[in-house]
Amino acid sequence: MFKTFVEPFKHPYPEMDEAALAKYPGKRPKVRAKNWSGTLLRIWKYLANRKAKLSLVLFMVVISSVLALLGPYLIGIAVDDFIEGVGGSPWMLFLAGLGLIYAGSSLSTWLQNIWMIEIAQETVYRMRMDLFQHLHKLPIPFFGKRQQGEIMSRLTNDIDNVSSTLNSSAIQIFSSVLTLIGTVGVMLYLSPILTLLTFVIVPLMVLGMRWITRRTGPLYKERQKNMGELNGYIEETLSGQRIVTLFSQEQRVITEFRQRNEAIRQAGFWAQTISGTIPKLMNALNNLSFALVAGVGGFLAIRGTITIGVIIVFVEYSRQFTRPLNDLANQWNSLLSAIAGAERVFEVMDEEIEERSDSASVKLEKMQGAVVFDDVAFAYDEGRDTLSGISFEAKPGEMVALVGPTGAGKTTLIQLLSRFYDPVKGRITVDGTDITSISHENLRSHMAFVLQDTFLFKGTIRENIRFGRLDATDEEVEDASRLANAHSFIMRLPGGYDKVLDTGGSGISQGQRQLLAIARAILAGPNILVLDEATSSIDTVTEIKIQEGLQRLMQGRTSFVIAHRLNTIRKADKILVLKQGHLIEQGSHDELLEKGGFYSDLYHGHLSMNGEEEHV
Amino acid sequence: MATILSFLKKYRVAAISAICMMLIELSVELIQPILISKIIDDGIAHDNISVVWLWGGVLALSALLAFGAGVASSFFASHASQGFGYDLRDKLYAKVESFTYAVFNKFQASSLITRLTGDITQLQEMVFMSLRFATRVPLLVTGSMIMALVVNFKLGLMLVVTVPLLVWFVTWMLKKTSAKFREVQAGMDTVNGVIQENLTGMRLIRIFVRMGHETERFKRRSGELMQGTVTALRLTETTMPLLLLVMNASVIAILWFGRIDIVSGNASTGEVVAVLNYSFRTIGALSALSWIMSSYSRAAASGLRVIEVLETEDTQSTNSVGHADSERLGEVEYKNVHFRYPDGDISVLEDISFKILPKQRVAIMGATGSGKSSLVGLLPRLYEATEGVIRIDGVKITDMEYTVLREAIGYVPQEVILFSGTVKDNIAWGVPEAGMEQIIQAAKQAQIHETIESLPKGYETMLGQRGVNLSGGQKQRLSIARALIRKPAILVLDDSTSALDVRTEAALLQALTELECTTFIITQKISSTTSADVILLLDEGRLIANGTHEELMASSELYRKIYESQHGEGILHVQDIR
């Protein structure tokens, strides 16, 4: 019994050097906005749409704060005038008045809240919409430069942050300040001495909080680190459970897990204990001021300086007064982090968009599909050309195969054609028109892509295929699938065309996903087609089907194929051999073989494409 | 819930201490209004200053006492809850590790991860909260009611009537709002899902010029989200004003009746003030009630999810028949093996029979879903065959201990699983005591030694999030090295050479020949089947051909077709090595 009782005292306090402590002077928001006033002004612009309602809300906040102050004050009067002394007839009237004040207080609180919620949610909705629409106007390189998770977090976490702050913190800060000022004012009016006594606890509170947060900061950080490690360990071992099982390492992972678990226990114990004293401290100080007010108040009451009612009012007020003070600290932090969040949102909105409407002067109604690259060069980073001196011509309906080692610039070439990037030098024309004078949308509406890593949306198979052309009928969708060799496997799935796919398309194989992408492209009916042939091992039967589907898709269209398979390459009208950003050879299979250059070396197996990459 | 709470038993002394300390704190708070009423009635009313000082002093002392008790309660509560969390986590993890692979898979790794992390943290928080303030709120409310009754029975009744009503109201509101908030959460997930999709599919959307379509979709979803949030929040925000209204009404009633009683001499001013004070405290406590109840219901949900795992019956059979220490030769025999996944109704493997002699190389081919991975998965007993017998060196694998069986098999799964740590750690993962020489030897055999040497820190290079990113092919070879270091009698490569180029693959196969172990290779590439002693061709769970390359070329049309489609391809077949 005694042994277990002293057990908690044995937790070693984690060592912390002064330097670490110095970093935590107290509560600080994690992120701070760089441009405060600018960001606030922009939030205000969003809010300003609902100016009328917003001023109503503010009005209600004032009313509810005043009424909240009046409540305890009137109770004091009630005690003094009607209960202690023996008042006359207005007692009924007085109580009715008190009732009205209470009712008014509840009503105004309610109104301010529900109005503010509406304003806040609408504001957040508009911010979200603006950001989303802006994203779709941003140039593709923007997405290459940033991690998807980071953009995602701006659209979700940061916006949520703004949302919750607008919902509550914003008006709470306002009302806390009002209540605080009001309370202090009334207290001073009633009894300056008691007010002073109540204030004695404020410096104590500030000091106490500082002491605690200086310690909990690093402790929580330590705990967070340990927690991260443990969670990481759990995630890793459970995701790799197959290996753990196969290698019979269960006992070892359990032991390693235990060490990490123990580390959490130590750090967690102290973090929780010390931070647990915060509310206790607040409570204790409250109680202390309670005692002070009661004792000194009683003394003063006997002296006749104040009345019993004043004591009661003070007891109530002193509670009302520490709470907004504490609230204010919390709300303030959340307000700061919301502003920082909003700033991150606005940062994205300030990014340059892909094109302005004026740059697109030509609109192609029809496209033949004649593509010419004329001395095109491109660099992702200045000074380091990814592509240079690329010139070739593709006639309408021709199939062009792009061949070369990884990193040779095949994908970049395709991206230039679709205007994800624009060349730094030279020009690209389609049917004789420079593509930089065609709008992105117009240009792309004549093209279709089948990429190696097929992207599927959450939705039915039918919806996913129809993405290629939104107004396609069910029959057209099915016809396209038939041409793509996808129909038969779709029909075998439970639910057929109405089977719902998850994002990323789990539930069907990679090969089947490609078939869907082909169907999608067939449905789009493009003039120019871009294909990135699959490199990873798709099973042989599906592979044969994909080949057939692709052949049908390519018929009569100008197509660019990043080719990996000999069968495909041999069929091409023109083969472009790329190496380190240069177009080193071009021509048909036979021409290139005859020439006896790089391609022929490749073909005869003197070189292996990736072997070269790996061993050079 | 009893199962979960039993984990607290070990810490009952600390838990009880924490609650006792909290009770001390609580009683101080409950006594305060009485002390004030004493100051008013005995002190001020009788102009007795010493009484005022006395009770004032008692108040101050009790505040200090409460603080001390509070800190102590927090101390004990931390110990109890951290210990509880530690034990529960430990037990759950050990339980999960004891699962057979089939049961493990039924739960899915991601779900088990949430249970081990989020759910346990939630439960631990709940224990800490319960020991500190969650139990305090109901106690404070009941305590206030009782004290009010003691001070003045008639006035106290006011509280006794209103409080249960309000508790019922808060519970009812909570039920309504939490249903609404679940909808909001679902709406939020949908909106985030659309964002995620749009970011991932950005290029595709641009290419197909579907920005308008997507914006429309997003607009609809976030419009719904806005509506839902507004409704849910409005409901929540109604609770507090209403609660205050009712409580304040009872305050007015106390004033009204209090005055009547004072006039008639049945109550003192101090008593009325005390009852008022109790009702104010109750208001404060009630506002925390809905928050506490919602955390309890969340914790209860977590508790159920944890219990589900803890109470899953799944004991690994520990047969010890086989010859634990004898040298394994690596002869493998499947006899009339059938397999379907637990609770699956599709037959994955049907009537598979074959026999492999020691040191033979077996290539397994077939379309996706033809049962190749399942076939080799049965060998180390990741899953149990539903029918039929599998023997290694003549011993039924069901008669062998798991560790003995699995030590004989080196398995390289299809998806590469590496752990964070150094390259060295990863190779030696299955044999922690392996020396550097063994590690290098395995790396050389797996054709990864040179690559490792070229890394900045060689074998000490960190992998994973904070380390180097290896290419797909390099990772595959690393996991092959990890299997080879155990010197298995049987090696299984489940499509684990797909990202290797032809030359490296050939070198690897050559090294495997020198290793002299029975080897199963699942592959799509004809180039790796030609050197095999036996080729097994699977189609929809049936073994449709079994023989050498030449035999299959002569007998199997499907095999011929595959051969033709790939002939000569090896040369130009570019592997994406990134």
# chains A, B, ... in the order shown; residues from 1 in each chain; ligands from 1
>>> residues_around(residues="A:Ala170", least_positions_apart="2", cutoff="10 Å", atoms="only C-alpha atoms", output="number ranges by chain")
A: 116, 120, 164-168, 172-175, 331-332, 334-335
>>> write_last_selection(atoms="N, CA and C atoms", output="mmCIF file, in the first residue's frame")
data_model
loop_
_atom_site.group_PDB
_atom_site.id
_atom_site.type_symbol
_atom_site.label_atom_id
_atom_site.label_comp_id
_atom_site.auth_asym_id
_atom_site.auth_seq_id
_atom_site.Cartn_x
_atom_site.Cartn_y
_atom_site.Cartn_z
ATOM 1 N N MET A 116 -23.397 35.864 -35.711
ATOM 2 C CA MET A 116 -21.966 35.809 -35.999
ATOM 3 C C MET A 116 -21.623 34.504 -36.722
ATOM 4 N N ALA A 120 -19.642 34.391 -40.114
ATOM 5 C CA ALA A 120 -18.354 33.706 -40.143
ATOM 6 C C ALA A 120 -18.348 32.614 -41.202
ATOM 7 N N SER A 164 -12.995 28.772 -37.112
ATOM 8 C CA SER A 164 -13.352 28.625 -35.706
ATOM 9 C C SER A 164 -13.080 29.914 -34.941
ATOM 10 N N THR A 165 -12.065 30.635 -35.349
ATOM 11 C CA THR A 165 -11.781 31.893 -34.659
ATOM 12 C C THR A 165 -12.885 32.917 -34.907
ATOM 13 N N LEU A 166 -13.305 32.985 -36.166
ATOM 14 C CA LEU A 166 -14.384 33.933 -36.462
ATOM 15 C C LEU A 166 -15.655 33.551 -35.722
ATOM 16 N N ASN A 167 -15.899 32.250 -35.614
ATOM 17 C CA ASN A 167 -17.108 31.799 -34.927
ATOM 18 C C ASN A 167 -17.188 32.290 -33.505
ATOM 19 N N SER A 168 -16.098 32.130 -32.773
ATOM 20 C CA SER A 168 -16.206 32.411 -31.349
ATOM 21 C C SER A 168 -15.205 33.455 -30.863
ATOM 22 N N GLN A 172 -15.736 36.930 -28.658
ATOM 23 C CA GLN A 172 -15.395 36.714 -27.250
ATOM 24 C C GLN A 172 -14.330 37.688 -26.783
ATOM 25 N N ILE A 173 -13.379 37.950 -27.660
ATOM 26 C CA ILE A 173 -12.338 38.903 -27.274
ATOM 27 C C ILE A 173 -12.974 40.262 -26.988
ATOM 28 N N PHE A 174 -13.821 40.663 -27.899
ATOM 29 C CA PHE A 174 -14.515 41.934 -27.749
ATOM 30 C C PHE A 174 -15.290 41.977 -26.436
ATOM 31 N N SER A 175 -16.075 40.921 -26.194
ATOM 32 C CA SER A 175 -16.918 40.958 -25.007
ATOM 33 C C SER A 175 -16.084 40.801 -23.737
ATOM 34 N N GLN A 331 -7.961 33.222 -26.175
ATOM 35 C CA GLN A 331 -8.552 33.714 -27.413
ATOM 36 C C GLN A 331 -7.534 34.491 -28.231
ATOM 37 N N TRP A 332 -6.705 35.210 -27.516
ATOM 38 C CA TRP A 332 -5.717 36.029 -28.196
ATOM 39 C C TRP A 332 -4.783 35.142 -29.009
ATOM 40 N N SER A 334 -5.412 32.181 -30.151
ATOM 41 C CA SER A 334 -6.076 31.555 -31.299
ATOM 42 C C SER A 334 -6.321 32.598 -32.387
ATOM 43 N N LEU A 335 -6.527 33.843 -31.968
ATOM 44 C CA LEU A 335 -6.694 34.902 -32.970
ATOM 45 C C LEU A 335 -5.401 35.078 -33.767
#
>>> residues_around(residues="A:Ile75", least_positions_apart="5", cutoff="10 Å", atoms="only C-alpha atoms", output="count of residues only")
15
>>> atom_distance(atom1="atom CA of B:Met202", atom2="atom CA of A:Tyr380")
19.2 Å
>>> closest_residue(among="A:Leu219, A:Ile302, A:Val66, A:Leu54", to="B:Ile49", atoms="only C-alpha atoms")
A:Ile302
>>> residues_around(residues="A:Ile414", least_positions_apart="4", cutoff="9 Å", atoms="only C-alpha atoms", output="list in words")
Gly409, Lys410, Ser418, Arg419, Phe420, Val530, Phe560 and Ile562 of chain A
>>> closest_residue(among="B:Val348, B:Leu382, B:Leu289, B:Leu131", to="chain A", atoms="only C-alpha atoms")
B:Leu382
>>> atom_distance(atom1="atom CA of A:Ile390", atom2="atom CA of A:Tyr599")
17.3 Å
>>> residues_around(residues="stretch 525-536 of chain B", least_positions_apart="3", cutoff="6 Å", atoms="only C-alpha atoms", output="NGL selection string")
:B and (360-364 or 545-549)
>>> write_last_selection(atoms="C-alpha atoms", output="mmCIF file, in the first residue's frame")
data_model
loop_
_atom_site.group_PDB
_atom_site.id
_atom_site.type_symbol
_atom_site.label_atom_id
_atom_site.label_comp_id
_atom_site.auth_asym_id
_atom_site.auth_seq_id
_atom_site.Cartn_x
_atom_site.Cartn_y
_atom_site.Cartn_z
ATOM 1 C CA GLN B 360 15.533 -25.956 -57.749
ATOM 2 C CA ARG B 361 14.444 -22.605 -59.147
ATOM 3 C CA VAL B 362 10.712 -22.150 -59.695
ATOM 4 C CA ALA B 363 9.208 -19.354 -61.754
ATOM 5 C CA ILE B 364 5.535 -18.586 -61.197
ATOM 6 C CA ALA B 545 1.002 -25.699 -66.750
ATOM 7 C CA ASN B 546 3.981 -27.077 -64.909
ATOM 8 C CA GLY B 547 7.351 -27.749 -66.523
ATOM 9 C CA THR B 548 10.496 -26.290 -68.032
ATOM 10 C CA HIS B 549 10.588 -23.443 -70.539
#
>>> atom_distance(atom1="atom CA of B:Lys10", atom2="atom CA of A:Val6")
13.6 Å
>>> select_by_dssp(residues="stretch 346-518 of chain B", states="strand (DSSP E or B)", output="PyMOL selection string")
chain B and resi 347-356+361-366+387-392+395-396+409-412+421-422+462-463+468+490-494+518
>>> write_last_selection(atoms="C-alpha atoms", output="mmCIF file, in the first residue's frame")
data_model
loop_
_atom_site.group_PDB
_atom_site.id
_atom_site.type_symbol
_atom_site.label_atom_id
_atom_site.label_comp_id
_atom_site.auth_asym_id
_atom_site.auth_seq_id
_atom_site.Cartn_x
_atom_site.Cartn_y
_atom_site.Cartn_z
ATOM 1 C CA SER B 347 -11.891 -19.497 -54.356
ATOM 2 C CA VAL B 348 -8.374 -18.135 -54.785
ATOM 3 C CA LEU B 349 -6.534 -21.392 -55.338
ATOM 4 C CA GLU B 350 -7.994 -24.651 -56.517
ATOM 5 C CA ASP B 351 -6.446 -28.056 -56.239
ATOM 6 C CA ILE B 352 -2.796 -27.118 -56.587
ATOM 7 C CA SER B 353 -0.301 -29.952 -56.537
ATOM 8 C CA PHE B 354 3.391 -29.901 -57.366
ATOM 9 C CA LYS B 355 6.696 -30.969 -55.940
ATOM 10 C CA ILE B 356 9.935 -29.003 -55.964
ATOM 11 C CA ARG B 361 14.444 -22.605 -59.147
ATOM 12 C CA VAL B 362 10.712 -22.150 -59.695
ATOM 13 C CA ALA B 363 9.208 -19.354 -61.754
ATOM 14 C CA ILE B 364 5.535 -18.586 -61.197
ATOM 15 C CA MET B 365 3.613 -16.743 -63.898
ATOM 16 C CA GLY B 366 0.053 -15.676 -64.403
ATOM 17 C CA GLU B 387 -7.766 -27.805 -47.860
ATOM 18 C CA GLY B 388 -4.788 -29.929 -48.772
ATOM 19 C CA VAL B 389 -1.307 -30.325 -47.374
ATOM 20 C CA ILE B 390 1.950 -28.448 -47.806
ATOM 21 C CA ARG B 391 5.175 -30.190 -46.786
ATOM 22 C CA ILE B 392 8.710 -28.946 -46.437
ATOM 23 C CA VAL B 395 7.144 -32.360 -42.717
ATOM 24 C CA LYS B 396 3.700 -30.808 -42.762
ATOM 25 C CA ILE B 409 12.056 -19.178 -45.577
ATOM 26 C CA GLY B 410 13.447 -15.948 -46.932
ATOM 27 C CA TYR B 411 10.500 -13.943 -48.212
ATOM 28 C CA VAL B 412 10.624 -10.756 -50.270
ATOM 29 C CA GLY B 421 17.137 3.430 -39.707
ATOM 30 C CA THR B 422 20.395 2.886 -41.503
ATOM 31 C CA MET B 462 19.803 6.782 -42.983
ATOM 32 C CA LEU B 463 16.758 5.690 -44.951
ATOM 33 C CA VAL B 468 18.057 9.175 -48.484
ATOM 34 C CA ILE B 490 13.811 -21.507 -49.381
ATOM 35 C CA LEU B 491 13.743 -18.079 -50.973
ATOM 36 C CA VAL B 492 10.541 -16.467 -52.194
ATOM 37 C CA LEU B 493 10.676 -13.426 -54.462
ATOM 38 C CA ASP B 494 7.140 -12.110 -54.927
ATOM 39 C CA THR B 518 15.195 -23.486 -53.362
#
>>> closest_residue(among="B:Gln447, B:Thr177, B:Thr135, B:Gln108", to="chain A", atoms="only C-alpha atoms")
B:Gln108
>>> closest_residue(among="A:Gly426, A:Pro279, A:Asn226, A:Asp158", to="A:Ala338", atoms="only C-alpha atoms")
A:Asp158
>>> residues_around(residues="B:Ser373", least_positions_apart="5", cutoff="9 Å", atoms="only C-alpha atoms", output="ChimeraX atom specification")
/B:378,413-414,494-495,522
>>> write_last_selection(atoms="C-alpha atoms", output="CSV table (one decimal), in the first residue's frame")
chain,number,residue,atom,x,y,z
B,378,LEU,CA,0.7,-20.2,-47.8
B,413,PRO,CA,7.1,-9.4,-50.6
B,414,GLN,CA,5.8,-7.5,-53.6
B,494,ASP,CA,7.1,-12.1,-54.9
B,495,ASP,CA,7.5,-10.0,-58.0
B,522,ILE,CA,6.9,-14.6,-59.2
>>> residues_around(residues="B:Glu97", least_positions_apart="6", cutoff="9 Å", atoms="only C-alpha atoms", output="CSV table (one decimal) with N, CA and C atoms, in the first residue's frame")
chain,number,residue,atom,x,y,z
A,238,LEU,N,3.4,-1.7,-37.9
A,238,LEU,CA,2.2,-2.4,-38.3
A,238,LEU,C,2.0,-2.3,-39.8
A,241,GLN,N,3.9,-5.2,-41.0
A,241,GLN,CA,3.6,-6.4,-40.1
A,241,GLN,C,4.0,-7.7,-40.9
A,244,VAL,N,7.5,-8.3,-40.2
A,244,VAL,CA,7.6,-8.7,-38.8
A,244,VAL,C,7.3,-10.1,-38.6
A,245,THR,N,6.1,-10.5,-39.2
A,245,THR,CA,5.7,-11.9,-39.1
A,245,THR,C,6.6,-12.9,-39.8
A,250,GLU,N,8.5,-10.6,-33.7
A,250,GLU,CA,7.5,-10.0,-32.8
A,250,GLU,C,8.0,-9.6,-31.5
A,251,GLN,N,8.8,-10.5,-30.9
A,251,GLN,CA,9.3,-10.2,-29.5
A,251,GLN,C,10.2,-8.9,-29.6
A,253,VAL,N,10.1,-6.3,-31.7
A,253,VAL,CA,9.4,-5.1,-31.8
A,253,VAL,C,8.6,-4.7,-30.5
A,254,ILE,N,8.2,-5.8,-29.8
A,254,ILE,CA,7.5,-5.5,-28.6
A,254,ILE,C,8.5,-4.8,-27.6
B,104,PHE,N,-4.8,-10.3,-38.3
B,104,PHE,CA,-4.2,-8.9,-38.4
B,104,PHE,C,-4.8,-8.2,-39.6
>>> residues_around(residues="B:Leu204", least_positions_apart="6", cutoff="10 Å", atoms="only C-alpha atoms", output="list in words")
Ala448, Phe449, Val450, Leu451, Thr454, Phe455, Leu456, Phe467 and Gly468 of chain A; Asn198 and Arg210 of chain B
>>> closest_residue(among="A:Leu501, A:Pro141, A:Val177, A:Glu343", to="A:Leu416", atoms="only C-alpha atoms")
A:Pro141
>>> closest_residue(among="A:Leu523, A:Ile428, A:Val61, A:Ile117", to="chain B", atoms="only C-alpha atoms")
A:Ile117
